[in-house]
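> If it helps, the file is called query-v4.csv and holds CSV, C-alpha atoms:
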```csv
chain,number,residue,atom,x,y,z
A,281,MET,CA,-6.4,66.2,86.0
A,282,ALA,CA,-6.6,65.2,89.7
A,283,SER,CA,-8.7,67.9,91.3
A,284,GLY,CA,-9.9,66.4,94.5
A,285,SER,CA,-8.8,67.0,98.1
A,286,GLY,CA,-5.1,67.6,98.6
A,287,SER,CA,-3.2,70.0,96.5
A,288,GLY,CA,0.3,71.3,96.0
A,289,SER,CA,3.6,69.6,95.4
A,290,GLY,CA,2.8,66.6,97.7
A,291,SER,CA,-0.3,65.8,95.7
A,292,ALA,CA,1.5,66.3,92.4
A,293,ALA,CA,4.3,64.0,93.6
A,294,ALA,CA,1.8,61.3,94.5
A,295,LEU,CA,0.1,61.6,91.2
A,296,LEU,CA,3.4,61.3,89.4
A,297,ARG,CA,4.1,58.1,91.3
A,298,PHE,CA,0.7,56.8,90.3
A,299,LEU,CA,1.2,57.6,86.6
A,300,ARG,CA,4.6,56.0,86.6
A,301,GLN,CA,3.3,52.9,88.3
A,302,VAL,CA,0.4,52.6,85.8
A,303,GLY,CA,2.9,53.2,83.0
A,304,GLN,CA,4.5,49.8,84.0
A,305,LEU,CA,1.5,48.2,82.2
A,306,LYS,CA,3.2,49.2,78.9
A,307,ARG,CA,6.1,46.9,79.9
A,308,VAL,CA,4.1,44.0,81.3
A,309,PRO,CA,3.6,41.4,78.6
A,310,ARG,CA,0.4,39.4,78.4
A,311,THR,CA,1.4,36.0,79.9
A,312,GLY,CA,-0.7,33.8,77.7
A,313,TRP,CA,1.2,34.9,74.6
A,314,VAL,CA,4.5,34.5,76.3
A,315,TYR,CA,3.7,30.9,77.2
A,316,ARG,CA,2.7,30.3,73.6
A,317,SER,CA,6.0,31.7,72.4
A,318,VAL,CA,4.4,34.6,70.4
A,319,GLU,CA,7.0,36.9,69.1
A,320,ARG,CA,6.8,40.4,70.5
A,321,PRO,CA,3.7,39.8,72.6
A,322,GLU,CA,1.4,42.7,73.4
A,323,SER,CA,1.5,44.4,76.7
A,324,VAL,CA,-1.4,44.6,79.2
A,325,SER,CA,-1.7,48.3,78.3
A,326,ASP,CA,-2.2,47.3,74.6
A,327,HIS,CA,-5.0,45.0,75.6
A,328,MET,CA,-6.7,47.5,77.8
A,329,TYR,CA,-6.5,50.2,75.2
A,330,ARG,CA,-8.3,48.3,72.5
A,331,MET,CA,-10.9,47.1,75.1
A,332,ALA,CA,-11.6,50.8,75.9
A,333,VAL,CA,-12.0,51.5,72.2
A,334,MET,CA,-14.4,48.6,71.8
A,335,ALA,CA,-16.4,50.0,74.7
A,336,LEU,CA,-16.4,53.4,73.2
A,337,VAL,CA,-17.9,52.2,69.9
A,338,THR,CA,-20.7,50.1,71.4
A,339,LYS,CA,-24.2,51.0,70.1
A,340,ASP,CA,-26.0,49.6,73.1
A,341,GLU,CA,-28.0,52.5,74.5
A,342,HIS,CA,-29.0,50.5,77.6
A,343,LEU,CA,-25.3,50.6,78.8
A,344,ASN,CA,-23.5,53.5,80.4
A,345,LYS,CA,-20.8,53.8,77.7
A,346,ASP,CA,-18.6,56.1,79.8
A,347,ARG,CA,-18.6,53.6,82.7
A,348,CYS,CA,-17.8,50.8,80.3
A,349,VAL,CA,-14.7,52.7,79.0
A,350,ARG,CA,-13.7,53.4,82.6
A,351,LEU,CA,-14.1,49.8,83.6
A,352,ALA,CA,-12.0,48.7,80.6
A,353,LEU,CA,-9.2,51.1,81.6
A,354,VAL,CA,-9.2,50.0,85.3
A,355,HIS,CA,-9.9,46.3,85.2
A,356,ASP,CA,-6.3,45.1,84.8
A,357,MET,CA,-4.6,48.0,86.5
A,358,ALA,CA,-3.4,45.9,89.4
A,359,GLU,CA,-1.2,44.0,87.0
A,360,SER,CA,1.2,47.0,87.0
A,361,ILE,CA,2.2,45.6,90.4
A,362,VAL,CA,1.4,41.9,90.5
A,363,GLY,CA,2.0,41.1,86.8
A,364,ASP,CA,-0.3,39.2,84.5
A,365,ILE,CA,-1.3,36.1,86.4
A,366,ALA,CA,-2.5,33.5,83.9
A,367,PRO,CA,-4.5,30.2,84.5
A,368,ALA,CA,-1.3,28.3,83.6
A,369,ASP,CA,0.4,29.8,86.6
A,370,ASN,CA,-1.8,27.6,88.8
A,371,ILE,CA,-2.4,30.3,91.4
A,372,PRO,CA,-5.7,29.8,93.1
A,373,LYS,CA,-8.4,32.3,92.2
A,374,GLU,CA,-8.7,33.5,95.8
A,375,GLU,CA,-5.0,34.2,96.0
A,376,LYS,CA,-5.0,36.0,92.6
A,377,HIS,CA,-7.9,38.2,93.9
A,378,ARG,CA,-6.1,38.9,97.2
A,379,ARG,CA,-2.9,40.1,95.4
A,380,GLU,CA,-4.8,42.3,93.0
A,381,GLU,CA,-6.9,43.7,95.7
A,382,GLU,CA,-3.9,44.7,97.7
A,383,ALA,CA,-2.3,46.2,94.6
A,384,MET,CA,-5.4,48.3,93.9
A,385,LYS,CA,-5.4,49.6,97.4
A,386,GLN,CA,-1.7,50.5,97.0
A,387,LEU,CA,-2.4,52.3,93.7
A,388,SER,CA,-5.5,54.1,94.8
A,389,GLN,CA,-3.8,55.5,97.9
A,390,LEU,CA,-1.7,57.7,95.6
A,391,LEU,CA,-4.8,59.6,94.4
A,392,PRO,CA,-7.0,62.2,96.1
A,393,GLU,CA,-9.9,60.7,98.1
A,394,ASP,CA,-12.6,61.1,95.5
A,395,LEU,CA,-10.5,59.5,92.7
A,396,ARG,CA,-9.2,56.8,95.1
A,397,LYS,CA,-12.8,55.7,95.8
A,398,GLU,CA,-13.8,55.8,92.2
A,399,LEU,CA,-10.8,53.8,91.0
A,400,TYR,CA,-11.2,51.1,93.6
A,401,GLU,CA,-15.0,50.8,93.2
A,402,LEU,CA,-14.6,50.4,89.4
A,403,TRP,CA,-12.1,47.6,89.9
A,404,GLU,CA,-14.4,46.0,92.5
A,405,GLU,CA,-17.4,46.3,90.2
A,406,TYR,CA,-15.6,44.4,87.5
A,407,GLU,CA,-14.2,41.8,89.8
A,408,ASN,CA,-17.6,41.1,91.3
A,409,GLN,CA,-19.4,41.4,87.9
A,410,SER,CA,-22.0,43.4,89.7
A,411,SER,CA,-23.4,45.5,86.9
A,412,ALA,CA,-24.5,45.1,83.3
A,413,GLU,CA,-21.5,47.2,82.3
A,414,ALA,CA,-19.1,45.0,84.1
A,415,LYS,CA,-20.6,41.9,82.4
A,416,PHE,CA,-20.3,43.6,79.0
A,417,VAL,CA,-16.7,44.6,79.6
A,418,LYS,CA,-15.8,41.0,80.7
A,419,GLN,CA,-17.1,39.8,77.4
A,420,LEU,CA,-15.0,42.6,75.7
A,421,ASP,CA,-12.0,41.2,77.5
A,422,GLN,CA,-12.5,37.8,76.1
A,423,CYS,CA,-13.4,39.1,72.6
A,424,GLU,CA,-10.3,41.2,72.4
A,425,MET,CA,-8.2,38.2,73.4
A,426,ILE,CA,-9.4,36.1,70.6
A,427,LEU,CA,-9.2,39.0,68.1
A,428,GLN,CA,-5.5,39.3,69.2
A,429,ALA,CA,-5.0,35.6,68.9
A,430,SER,CA,-6.3,35.7,65.3
A,431,GLU,CA,-4.0,38.5,64.5
A,432,TYR,CA,-1.0,36.6,65.8
A,433,GLU,CA,-2.0,33.6,63.7
A,434,ASP,CA,-2.2,35.8,60.6
A,435,ALA,CA,1.2,37.5,61.4
A,436,GLU,CA,2.9,34.1,61.9
A,437,ASN,CA,1.0,32.6,58.9
A,438,LYS,CA,-0.1,29.7,61.1
A,439,PRO,CA,-3.9,29.5,61.0
A,440,GLY,CA,-5.4,27.6,63.9
A,441,ARG,CA,-2.2,27.6,66.1
A,442,LEU,CA,-3.9,29.5,69.0
A,443,GLN,CA,-7.1,27.5,69.0
A,444,ASP,CA,-7.0,26.9,72.7
A,445,PHE,CA,-7.7,30.6,73.3
A,446,PHE,CA,-10.8,30.3,71.2
A,447,ASP,CA,-11.8,27.1,73.0
A,448,SER,CA,-11.5,28.9,76.4
A,449,THR,CA,-14.2,31.4,75.3
A,450,ALA,CA,-16.7,29.0,73.8
A,451,GLY,CA,-20.2,29.7,75.0
A,452,LYS,CA,-19.2,32.8,77.0
A,453,PHE,CA,-20.5,35.4,74.7
A,454,SER,CA,-24.1,36.6,75.1
A,455,HIS,CA,-24.2,40.3,74.3
A,456,PRO,CA,-25.7,40.6,70.7
A,457,GLU,CA,-23.0,43.0,69.5
A,458,ILE,CA,-20.2,40.8,70.7
A,459,VAL,CA,-21.9,37.6,69.4
A,460,GLN,CA,-22.1,39.2,66.0
A,461,LEU,CA,-18.5,40.4,66.1
A,462,VAL,CA,-17.2,37.0,67.3
A,463,SER,CA,-19.2,35.3,64.6
A,464,GLU,CA,-17.6,37.5,61.9
A,465,LEU,CA,-14.2,36.9,63.4
A,466,GLU,CA,-14.6,33.2,63.4
A,467,ALA,CA,-16.0,33.1,59.9
A,468,GLU,CA,-12.9,34.9,58.6
A,469,ARG,CA,-10.5,32.8,60.7
A,470,ASN,CA,-12.1,29.5,59.6
A,471,ALA,CA,-11.9,30.5,56.0
A,472,SER,CA,-8.2,31.1,56.4
A,473,ILE,CA,-7.8,27.8,58.1
A,474,ALA,CA,-9.8,26.0,55.4
A,475,ALA,CA,-7.6,27.6,52.7
A,476,ALA,CA,-4.4,26.6,54.6
A,477,ALA,CA,-5.7,23.1,54.9
A,478,HIS,CA,-6.5,23.1,51.1
A,479,VAL,CA,-10.2,22.3,51.9
A,480,SER,CA,-12.7,23.7,49.5
A,481,PRO,CA,-15.2,26.4,50.5
A,482,PHE,CA,-17.9,23.7,49.9
A,483,VAL,CA,-16.6,21.6,52.7
A,484,PHE,CA,-16.2,24.6,54.9
A,485,HIS,CA,-19.8,25.7,54.5
A,486,CYS,CA,-21.0,22.2,55.1
A,487,LEU,CA,-19.7,22.3,58.7
A,488,ASP,CA,-22.2,22.5,61.5
A,489,SER,CA,-22.4,26.2,62.3
A,490,SER,CA,-23.4,25.3,65.9
A,491,LYS,CA,-19.9,23.8,66.4
A,492,LYS,CA,-17.8,26.7,65.3
A,493,HIS,CA,-15.4,26.4,68.2
A,494,ASN,CA,-14.6,22.9,66.9
A,495,THR,CA,-14.2,23.9,63.3
A,496,VAL,CA,-10.4,23.9,63.4
A,497,TRP,CA,-10.4,20.3,64.7
A,498,ILE,CA,-12.9,19.3,62.1
A,499,ILE,CA,-11.0,20.8,59.2
A,500,LYS,CA,-7.7,19.5,60.3
A,501,GLU,CA,-9.1,16.0,60.8
A,502,ALA,CA,-10.9,16.1,57.5
A,503,ALA,CA,-7.8,17.3,55.7
A,504,SER,CA,-5.3,14.9,57.2
A,505,ARG,CA,-7.4,11.8,57.7
A,506,MET,CA,-10.4,11.7,55.4
A,507,TRP,CA,-11.1,14.2,52.7
A,508,SER,CA,-7.5,14.7,51.7
A,509,TRP,CA,-7.4,11.1,50.4
A,510,LYS,CA,-10.9,9.6,50.4
A,511,ILE,CA,-12.7,12.5,48.6
A,512,PRO,CA,-10.1,14.3,46.6
A,513,TRP,CA,-12.6,16.1,44.5
A,514,MET,CA,-13.6,18.1,47.5
A,515,LYS,CA,-10.2,19.6,47.9
A,516,THR,CA,-9.3,22.9,46.2
A,517,GLY,CA,-7.8,22.3,42.8
A,518,GLY,CA,-9.2,18.8,42.7
```
Translate the structure of the given file into structure tokens.


Amino acid sequence: MASGSGSGSGSAAALLRFLRQVGQLKRVPRTGWVYRSVERPESVSDHMYRMAVMALVTKDEHLNKDRCVRLALVHDMAESIVGDIAPADNIPKEEKHRREEEAMKQLSQLLPEDLRKELYELWEEYENQSSAEAKFVKQLDQCEMILQASEYEDAENKPGRLQDFFDSTAGKFSHPEIVQLVSELEAERNASIAAAAHVSPFVFHCLDSSKKHNTVWIIKEAASRMWSWKIPWMKTGG
């Protein structure tokens, strides 16, 4: 495991402290889901794990896959100390960065010098978005979030309930693999919303594909104000 400078019981004790602290991520719920009253919200650790898997299965040969996996595993590690600070907490970006930077320094001090440097530099690379890998992992972060939002909607049988998470990522995906994945996710999700709103596939497919992030609003408006009573033959079963 840790094989850098510093060995013996002291090093092992510090490593154990590090592992226990990182283990706190299993018990830190993702704040966004808590604020939206999601039942049994995922932990930060849950989120980071699937991000790492997403990085592992990328086919982009121009990216350093190993580094992407490492970035995914480290990017939210500071939250084991400071918690998951969400936009709704209204904490300035600079203050959030300061807290997380201090937490990463505290965590990394528990590791041998070589690992300490690697861990902190990975976190810093992600924070500064200073590499192609960091930019890719940032998009994975947002993609994993909306995938999870979709799964919560399915579990609650409330299609469209977490639309604000999708809205927050609109226009932020550029990597071809992620764009394709998000497009498929949105197509499946929009079909579920259309079915729940009793809008026919014909109406769904007539929607402007360039406005996919507005599809929920369009369908709901159409179902509740227009098509549901003006053009009944467009509804399923009509």

> For a test of reading the model, state the distance in Å between CA of Ala412 (chain A) and CA of Lys452 (chain A), rounded to one decimal.

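So the answer is 14.8 Å.
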
> Quick one, how far is CA of Arg330 (chain A) from CA of Lys397 (chain A)?

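Calculated distance between CA of Arg330 (chain A) and CA of Lys397 (chain A) is 24.9 Å.
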
> Considering all atoms listed in the file, can you say which of A:Arg320, A:Lys438, A:His377, A:Arg350 comes closest to Met334 (chain A)?

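That would be A:Arg350, the residue with the smallest distance to Met334 (chain A).
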
> Could you check how far CA of Phe453 (chain A) sits from CA of Gln419 (chain A), in Å to one decimal?

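Between CA of Phe453 (chain A) and CA of Gln419 (chain A) the gap works out to 6.2 Å.
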
> For each of A:Thr338, A:Gln428, A:Ser472, A:Asn408, take the minimum atom-to-atom distance to Arg310 (chain A), counting all atoms listed in the file, then give the residue where this is smallest.

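The answer is A:Gln428, which sits nearest to Arg310 (chain A).
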
> Using all atoms listed in the file, which of the listed residues (A:Gln422, A:Gly440, A:Glu393, A:Phe445) sits closest to Ala471 (chain A)?

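Residue with the minimum atom-to-atom distance to Ala471 (chain A): A:Gly440.
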
> Kindly assemble as a tab-separated table a list of the region 334-390 of chain A residues that lie within 10 Å of region 399-402 of chain A, each paired with its nearest atom pair and their distance in Å to one decimal, using only C-alpha atoms, sorted first by chain and then by ascending residue number.


```
residue	atom	partner	partner_atom	distance
A:Arg347	CA	A:Leu402	CA	8.4
A:Cys348	CA	A:Leu402	CA	9.7
A:Arg350	CA	A:Leu402	CA	7.5
A:Leu351	CA	A:Leu402	CA	5.9
A:Ala352	CA	A:Leu402	CA	9.3
A:Leu353	CA	A:Leu402	CA	9.5
A:Val354	CA	A:Leu402	CA	6.8
A:His355	CA	A:Leu402	CA	7.5
A:Met357	CA	A:Leu399	CA	9.6
A:Glu381	CA	A:Tyr400	CA	8.8
A:Met384	CA	A:Tyr400	CA	6.4
A:Lys385	CA	A:Tyr400	CA	7.1
A:Leu387	CA	A:Tyr400	CA	8.9
A:Ser388	CA	A:Leu399	CA	6.5
A:Gln389	CA	A:Tyr400	CA	9.6
```

> Nearest residue to Val318 (chain A) out of A:Val462, A:Ala366, A:Leu391, A:Leu442, using all atoms listed in the file?

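Among the listed residues, A:Leu442 lies closest to Val318 (chain A).
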
> Please determine the residues with any atom at most 8 Å from (-1.7, 28.8, 80.7) (coordinates as given in the file, with only C-alpha atoms counting) and report them as a PyMOL selection string.

chain A and resi 311-312+315+366-369

> Hey, what's within 9 Å of Glu319 (chain A) if we count all atoms listed in the file and toss same-chain stuff fewer than 3 positions away? As a PyMOL selection string, please?

chain A and resi 313-314+432+436
